[in-house]
Amino acid sequence: MQEKVIIVRYCEIHLKGKNRGYFEQVFMNNLEKALAGIRHEIRRPSGRYIVENFDAERTEEIVEKLGKVFGTHTLSVGTKVAADIEAIFAEILRIAPSSGTFKVETNRADKHFPLNSVELNAEIGGRLLEKNPELKVDVRAPACVLHIDIRENGTAFVFRDVIKGAGGMPVGTAGKGMLLLSGGIDSPVAGYMIAKRGMRLECVHFHSYPYTNMQAREKVEDLARILAEYTGGLTLHVVSVTHIQEEIHKKCPEEMMVTLLRRFMMRIAERLSLQTGAQCIVTGESLGQVASQTIEGMTSSGDVVKTMPILRPLVGFDKTEIIAKAREIGTYETSVLPYEDCCTVFLPKHPLIKPKLDKVAAAERALDVDGLVEEAFAGLETLTF
Ligand code: ATP
Ligand code: MG
């Protein structure tokens, strides 16, 4: 018997006391969803998840998918062998480095195994040194740790590397949010951060076709697709704000364009949230980053949302920190493609840096706000990834 396995360890979930069972079940479902269409089996012996019966040639792909599931703390690719010293040692010998420092670390769920952990570490380590004098034991800071996990059913897992997963909480354990997804760098990162805390996401994107082109639209779909890999699927609502922008342009002071448009986005997002069961609005705003993201700007745009909070997970992040995160999660290359979303159309030369709420609200009276929102909804498209 010798078979490849992937060991998945979760994080934080154990902190949740009486909800633990629920969190573990959601996590399990999310792991299953990530591997949909790939042959595998997942079992859950104490405190970890073991993926078995998969095509060994797809190991890398499976590890990548599982590593993106929020809640995954670490993963290891290992081999399942019979729980006897000869079989374990043969596998250790196969995966051991050819030189440098190492230690053996045993975890023994089966207390009937003839040797205890310390004895097995010494036995296997000793045999390895005998076979390869280039190796040296270092129990404090070894270059390589060789793990042995003795299970209850007469099997053992042997593995070497521990790969870092995405961390966080399983998506679906913290409600649902409506992410305002632009084609920029920030909003995909904001979505990632919130999903990482366990929140399921729907997205809404606003465009100004034909002032913006189809490539801008495809770019946002690509971003949604990347996010969906972390969230186990995603719904994207696409709404045209072309007529809204034209109306603002025609009837309101030029420098208020961004703030007024933001208010429409917020209204539409709130209404969509109420329709789809989302409990908050999520944006990629970061304090002071641009004119519309001053505290006055956020007050003026946020004012129209009456029934739910607006979460801004990046509010205290520097642009450089956001960019680093975007690269890490794989959205950066898509975000920097040079296709404009709606906000650059009709962009004023000098936007108001500190829009006053009362002035903005007064300027807005020139518009048929309800009619424009209604019209935007009539053209709504919904895509799933
Ligand atoms: P991003 O990189 O996310 O586009 P940004 O720094 O360009 O952010 P703004 O353009 O001021 O900032 O937008 C602030 C936030 O408003 C965005 O992070 C996003 O959540 C939302 N937003 C802006 N434009 C759109 C759009 N066309 N569709 C959906 N949401 C948008
Ligand atoms: Mg933007």
# chains A, B, ... in the order shown; residues from 1 in each chain; ligands from 1
$ residues_near_ligand --ligand "ligand 2" --cutoff "8 Å" --atoms "only C-alpha atoms and all ligand atoms" --output "list in words"
Ser182, Gly183, Gly184, Ile185, Asp186, Ser187, Asp341 and Cys343 of chain A
$ closest_atom_pairs --of "chain A" --to "ligand 1" --cutoff "8 Å" --atoms "only C-alpha atoms and all ligand atoms" --output "Markdown table"
| residue | atom | partner | partner_atom_place_in_ligand_line | distance |
| --- | --- | --- | --- | --- |
| A:Leu179 | CA | ligand 1 | 20 (O) | 6.6 |
| A:Leu180 | CA | ligand 1 | 30 (N) | 3.8 |
| A:Leu181 | CA | ligand 1 | 29 (C) | 4.2 |
| A:Ser182 | CA | ligand 1 | 26 (C) | 3.9 |
| A:Gly183 | CA | ligand 1 | 4 (O) | 5.6 |
| A:Gly184 | CA | ligand 1 | 2 (O) | 3.3 |
| A:Ile185 | CA | ligand 1 | 2 (O) | 3.8 |
| A:Asp186 | CA | ligand 1 | 2 (O) | 3.6 |
| A:Ser187 | CA | ligand 1 | 3 (O) | 3.4 |
| A:Pro188 | CA | ligand 1 | 3 (O) | 6.6 |
| A:Val189 | CA | ligand 1 | 3 (O) | 7.9 |
| A:Ala190 | CA | ligand 1 | 18 (O) | 7.5 |
| A:Val204 | CA | ligand 1 | 29 (C) | 5.7 |
| A:His205 | CA | ligand 1 | 28 (N) | 3.8 |
| A:Phe206 | CA | ligand 1 | 28 (N) | 3.9 |
| A:His207 | CA | ligand 1 | 27 (N) | 5.4 |
| A:Arg262 | CA | ligand 1 | 16 (O) | 7.1 |
| A:Met265 | CA | ligand 1 | 30 (N) | 7.2 |
| A:Val282 | CA | ligand 1 | 20 (O) | 6.6 |
| A:Thr283 | CA | ligand 1 | 20 (O) | 3.5 |
| A:Gly284 | CA | ligand 1 | 18 (O) | 3.1 |
| A:Glu285 | CA | ligand 1 | 14 (C) | 4.7 |
| A:Ser286 | CA | ligand 1 | 6 (O) | 7.3 |
| A:Gln289 | CA | ligand 1 | 6 (O) | 6.7 |
| A:Val290 | CA | ligand 1 | 11 (O) | 6.4 |
| A:Ala291 | CA | ligand 1 | 11 (O) | 7.7 |
| A:Ser292 | CA | ligand 1 | 11 (O) | 5.7 |
| A:Gln293 | CA | ligand 1 | 11 (O) | 6.3 |
| A:Ser335 | CA | ligand 1 | 2 (O) | 7.7 |
| A:Asp341 | CA | ligand 1 | 27 (N) | 5.1 |
| A:Cys342 | CA | ligand 1 | 27 (N) | 5.1 |
| A:Cys343 | CA | ligand 1 | 24 (N) | 6.0 |
$ select_by_dssp --residues "stretch 59-286 of chain A" --states "strand (DSSP E)" --output "JSON, numbers by chain"
{"A": [72, 73, 74, 75, 76, 77, 78, 79, 80, 81, 82, 100, 101, 102, 103, 104, 105, 106, 107, 108, 135, 136, 137, 144, 145, 146, 147, 148, 149, 150, 155, 156, 157, 158, 159, 163, 164, 176, 177, 178, 179, 180, 200, 201, 202, 203, 204, 205, 206, 207, 235, 236, 237, 238, 239, 240, 280, 281, 282]}
$ write_last_selection --atoms "C-alpha atoms" --output "PDB file, in the first residue's frame"
ATOM      1  CA  THR A  72      -6.918  26.581   4.848  1.00  0.00           C
ATOM      2  CA  HIS A  73      -3.984  27.240   7.136  1.00  0.00           C
ATOM      3  CA  THR A  74      -1.405  24.865   5.648  1.00  0.00           C
ATOM      4  CA  LEU A  75      -1.239  21.858   3.326  1.00  0.00           C
ATOM      5  CA  SER A  76       1.183  19.028   2.794  1.00  0.00           C
ATOM      6  CA  VAL A  77       1.516  16.510   0.034  1.00  0.00           C
ATOM      7  CA  GLY A  78       2.389  13.189   1.587  1.00  0.00           C
ATOM      8  CA  THR A  79       2.281   9.459   1.119  1.00  0.00           C
ATOM      9  CA  LYS A  80       0.065   7.019   2.945  1.00  0.00           C
ATOM     10  CA  VAL A  81       1.992   3.873   3.933  1.00  0.00           C
ATOM     11  CA  ALA A  82       1.419   0.941   6.283  1.00  0.00           C
ATOM     12  CA  GLY A 100      22.073  19.468   5.135  1.00  0.00           C
ATOM     13  CA  THR A 101      20.305  19.431   8.474  1.00  0.00           C
ATOM     14  CA  PHE A 102      17.047  17.673   9.320  1.00  0.00           C
ATOM     15  CA  LYS A 103      14.866  16.386  12.089  1.00  0.00           C
ATOM     16  CA  VAL A 104      12.147  13.768  12.258  1.00  0.00           C
ATOM     17  CA  GLU A 105       8.865  14.771  13.863  1.00  0.00           C
ATOM     18  CA  THR A 106       6.276  12.171  14.738  1.00  0.00           C
ATOM     19  CA  ASN A 107       2.654  12.643  15.638  1.00  0.00           C
ATOM     20  CA  ARG A 108       1.064   9.499  17.024  1.00  0.00           C
ATOM     21  CA  LEU A 135      23.037  14.559   6.679  1.00  0.00           C
ATOM     22  CA  LYS A 136      23.103  16.103  10.138  1.00  0.00           C
ATOM     23  CA  VAL A 137      20.441  16.277  12.826  1.00  0.00           C
ATOM     24  CA  CYS A 144      14.185  20.077   6.551  1.00  0.00           C
ATOM     25  CA  VAL A 145      11.537  18.480   8.776  1.00  0.00           C
ATOM     26  CA  LEU A 146      10.472  14.945   7.948  1.00  0.00           C
ATOM     27  CA  HIS A 147       7.001  14.325   9.316  1.00  0.00           C
ATOM     28  CA  ILE A 148       5.433  11.030  10.320  1.00  0.00           C
ATOM     29  CA  ASP A 149       1.793  10.926  11.290  1.00  0.00           C
ATOM     30  CA  ILE A 150       0.705   7.547  12.706  1.00  0.00           C
ATOM     31  CA  THR A 155      -1.682   3.576   8.265  1.00  0.00           C
ATOM     32  CA  ALA A 156       0.781   6.424   8.502  1.00  0.00           C
ATOM     33  CA  PHE A 157       1.269   9.641   6.540  1.00  0.00           C
ATOM     34  CA  VAL A 158       4.801  10.631   5.678  1.00  0.00           C
ATOM     35  CA  PHE A 159       5.500  14.110   4.315  1.00  0.00           C
ATOM     36  CA  ILE A 163       2.714  24.817   2.203  1.00  0.00           C
ATOM     37  CA  LYS A 164       0.972  27.988   3.366  1.00  0.00           C
ATOM     38  CA  LYS A 176     -23.140  38.152   2.485  1.00  0.00           C
ATOM     39  CA  GLY A 177     -21.885  41.471   1.096  1.00  0.00           C
ATOM     40  CA  MET A 178     -22.345  43.445  -2.134  1.00  0.00           C
ATOM     41  CA  LEU A 179     -18.926  44.410  -3.508  1.00  0.00           C
ATOM     42  CA  LEU A 180     -18.659  47.444  -5.779  1.00  0.00           C
ATOM     43  CA  ARG A 200     -19.969  35.454   0.748  1.00  0.00           C
ATOM     44  CA  LEU A 201     -19.873  38.073  -2.034  1.00  0.00           C
ATOM     45  CA  GLU A 202     -21.987  39.325  -4.844  1.00  0.00           C
ATOM     46  CA  CYS A 203     -20.493  42.018  -7.071  1.00  0.00           C
ATOM     47  CA  VAL A 204     -21.931  44.963  -8.911  1.00  0.00           C
ATOM     48  CA  HIS A 205     -20.097  46.719 -11.721  1.00  0.00           C
ATOM     49  CA  PHE A 206     -21.123  50.000 -13.325  1.00  0.00           C
ATOM     50  CA  HIS A 207     -20.158  50.843 -16.881  1.00  0.00           C
ATOM     51  CA  THR A 235     -22.478  36.494  -8.962  1.00  0.00           C
ATOM     52  CA  LEU A 236     -21.718  39.665 -10.913  1.00  0.00           C
ATOM     53  CA  HIS A 237     -24.389  42.252 -11.652  1.00  0.00           C
ATOM     54  CA  VAL A 238     -23.606  44.654 -14.460  1.00  0.00           C
ATOM     55  CA  VAL A 239     -25.404  47.983 -14.598  1.00  0.00           C
ATOM     56  CA  SER A 240     -25.170  50.824 -17.099  1.00  0.00           C
ATOM     57  CA  CYS A 280     -23.676  45.285   3.616  1.00  0.00           C
ATOM     58  CA  ILE A 281     -21.921  47.175   0.822  1.00  0.00           C
ATOM     59  CA  VAL A 282     -18.173  46.698   0.314  1.00  0.00           C
TER      60      VAL A 282
END
$ closest_residue --among "A:Phe385, A:Phe70, A:Ile7, A:Phe89" --to "A:Ile42" --atoms "only C-alpha atoms"
A:Ile7
$ residues_around --residues "stretch 361-375 of chain A" --least-positions-apart "6" --cutoff "12 Å" --atoms "only C-alpha atoms" --output "PyMOL selection string"
chain A and resi 239-257+259-272+299-301+303-304+355
$ write_last_selection --atoms "N, CA and C atoms" --output "compact mmCIF listing (two decimals), in the first residue's frame"
# COMPACT_ATOMS: atom_id res chain seq x y z
N VAL A 239 -24.39 46.93 -14.48
CA VAL A 239 -25.40 47.98 -14.60
C VAL A 239 -24.83 49.15 -15.41
N SER A 240 -25.61 49.65 -16.33
CA SER A 240 -25.17 50.82 -17.10
C SER A 240 -25.52 52.11 -16.35
N VAL A 241 -24.54 53.00 -16.24
CA VAL A 241 -24.82 54.31 -15.64
C VAL A 241 -24.62 55.42 -16.68
N THR A 242 -24.64 55.04 -17.95
CA THR A 242 -24.41 56.01 -19.01
C THR A 242 -25.41 57.17 -18.94
N HIS A 243 -26.67 56.83 -18.86
CA HIS A 243 -27.67 57.89 -18.87
C HIS A 243 -27.56 58.74 -17.60
N ILE A 244 -27.26 58.12 -16.49
CA ILE A 244 -27.08 58.85 -15.23
C ILE A 244 -25.94 59.86 -15.38
N GLN A 245 -24.83 59.41 -15.95
CA GLN A 245 -23.69 60.32 -16.13
C GLN A 245 -24.04 61.47 -17.09
N GLU A 246 -24.77 61.13 -18.14
CA GLU A 246 -25.15 62.18 -19.09
C GLU A 246 -26.05 63.23 -18.41
N GLU A 247 -26.94 62.75 -17.60
CA GLU A 247 -27.85 63.66 -16.90
C GLU A 247 -27.11 64.55 -15.91
N ILE A 248 -26.19 63.94 -15.14
CA ILE A 248 -25.40 64.73 -14.18
C ILE A 248 -24.59 65.78 -14.95
N HIS A 249 -23.99 65.33 -16.06
CA HIS A 249 -23.16 66.21 -16.88
C HIS A 249 -23.96 67.41 -17.38
N LYS A 250 -25.20 67.13 -17.75
CA LYS A 250 -26.05 68.18 -18.32
C LYS A 250 -26.57 69.14 -17.25
N LYS A 251 -26.93 68.60 -16.07
CA LYS A 251 -27.73 69.38 -15.13
C LYS A 251 -27.07 69.77 -13.82
N CYS A 252 -25.86 69.28 -13.56
CA CYS A 252 -25.24 69.55 -12.25
C CYS A 252 -23.85 70.16 -12.44
N PRO A 253 -23.33 70.80 -11.38
CA PRO A 253 -21.99 71.38 -11.49
C PRO A 253 -20.95 70.30 -11.81
N GLU A 254 -20.08 70.65 -12.76
CA GLU A 254 -19.10 69.69 -13.27
C GLU A 254 -18.26 69.05 -12.17
N GLU A 255 -17.86 69.86 -11.17
CA GLU A 255 -16.95 69.33 -10.14
C GLU A 255 -17.62 68.34 -9.19
N MET A 256 -18.93 68.20 -9.31
CA MET A 256 -19.64 67.25 -8.44
C MET A 256 -19.89 65.90 -9.09
N MET A 257 -19.44 65.75 -10.34
CA MET A 257 -19.72 64.52 -11.09
C MET A 257 -19.42 63.26 -10.29
N THR A 259 -18.87 62.65 -7.07
CA THR A 259 -19.66 62.45 -5.86
C THR A 259 -21.10 62.05 -6.19
N LEU A 260 -21.68 62.74 -7.16
CA LEU A 260 -23.07 62.43 -7.51
C LEU A 260 -23.18 61.02 -8.10
N LEU A 261 -22.22 60.68 -8.94
CA LEU A 261 -22.25 59.33 -9.53
C LEU A 261 -22.11 58.27 -8.44
N ARG A 262 -21.21 58.52 -7.48
CA ARG A 262 -21.04 57.59 -6.36
C ARG A 262 -22.35 57.38 -5.60
N ARG A 263 -23.11 58.46 -5.45
CA ARG A 263 -24.39 58.33 -4.72
C ARG A 263 -25.35 57.41 -5.48
N PHE A 264 -25.32 57.52 -6.80
CA PHE A 264 -26.17 56.61 -7.57
C PHE A 264 -25.69 55.16 -7.42
N MET A 265 -24.37 54.99 -7.47
CA MET A 265 -23.83 53.63 -7.32
C MET A 265 -24.26 53.04 -5.97
N MET A 266 -24.20 53.85 -4.96
CA MET A 266 -24.56 53.38 -3.62
C MET A 266 -26.05 53.02 -3.54
N ARG A 267 -26.87 53.85 -4.12
CA ARG A 267 -28.32 53.57 -4.10
C ARG A 267 -28.62 52.25 -4.82
N ILE A 268 -28.00 52.10 -5.98
CA ILE A 268 -28.26 50.89 -6.77
C ILE A 268 -27.73 49.66 -6.01
N ALA A 269 -26.54 49.82 -5.42
CA ALA A 269 -25.95 48.70 -4.67
C ALA A 269 -26.83 48.32 -3.46
N GLU A 270 -27.38 49.32 -2.79
CA GLU A 270 -28.22 49.03 -1.63
C GLU A 270 -29.49 48.28 -2.06
N ARG A 271 -30.07 48.76 -3.14
CA ARG A 271 -31.30 48.10 -3.60
C ARG A 271 -31.02 46.67 -4.05
N LEU A 272 -29.91 46.48 -4.76
CA LEU A 272 -29.52 45.12 -5.17
C LEU A 272 -29.29 44.23 -3.96
N THR A 299 -18.61 60.64 3.28
CA THR A 299 -19.85 61.05 3.94
C THR A 299 -20.92 61.35 2.89
N SER A 300 -20.53 62.08 1.85
CA SER A 300 -21.49 62.48 0.82
C SER A 300 -22.02 61.28 0.04
N SER A 301 -21.16 60.31 -0.26
CA SER A 301 -21.63 59.17 -1.04
C SER A 301 -22.34 58.15 -0.15
N ASP A 303 -24.07 58.70 2.50
CA ASP A 303 -25.29 59.24 3.09
C ASP A 303 -26.57 58.63 2.52
N VAL A 304 -26.54 58.21 1.27
CA VAL A 304 -27.78 57.70 0.66
C VAL A 304 -28.11 56.27 1.10
N PRO A 355 -16.45 67.56 -0.80
CA PRO A 355 -17.84 67.87 -1.15
C PRO A 355 -18.70 67.97 0.12
$ closest_residue --among "A:Glu64, A:Gly198, A:Ala216, A:Leu352" --to "A:Val26" --atoms "only C-alpha atoms"
A:Gly198
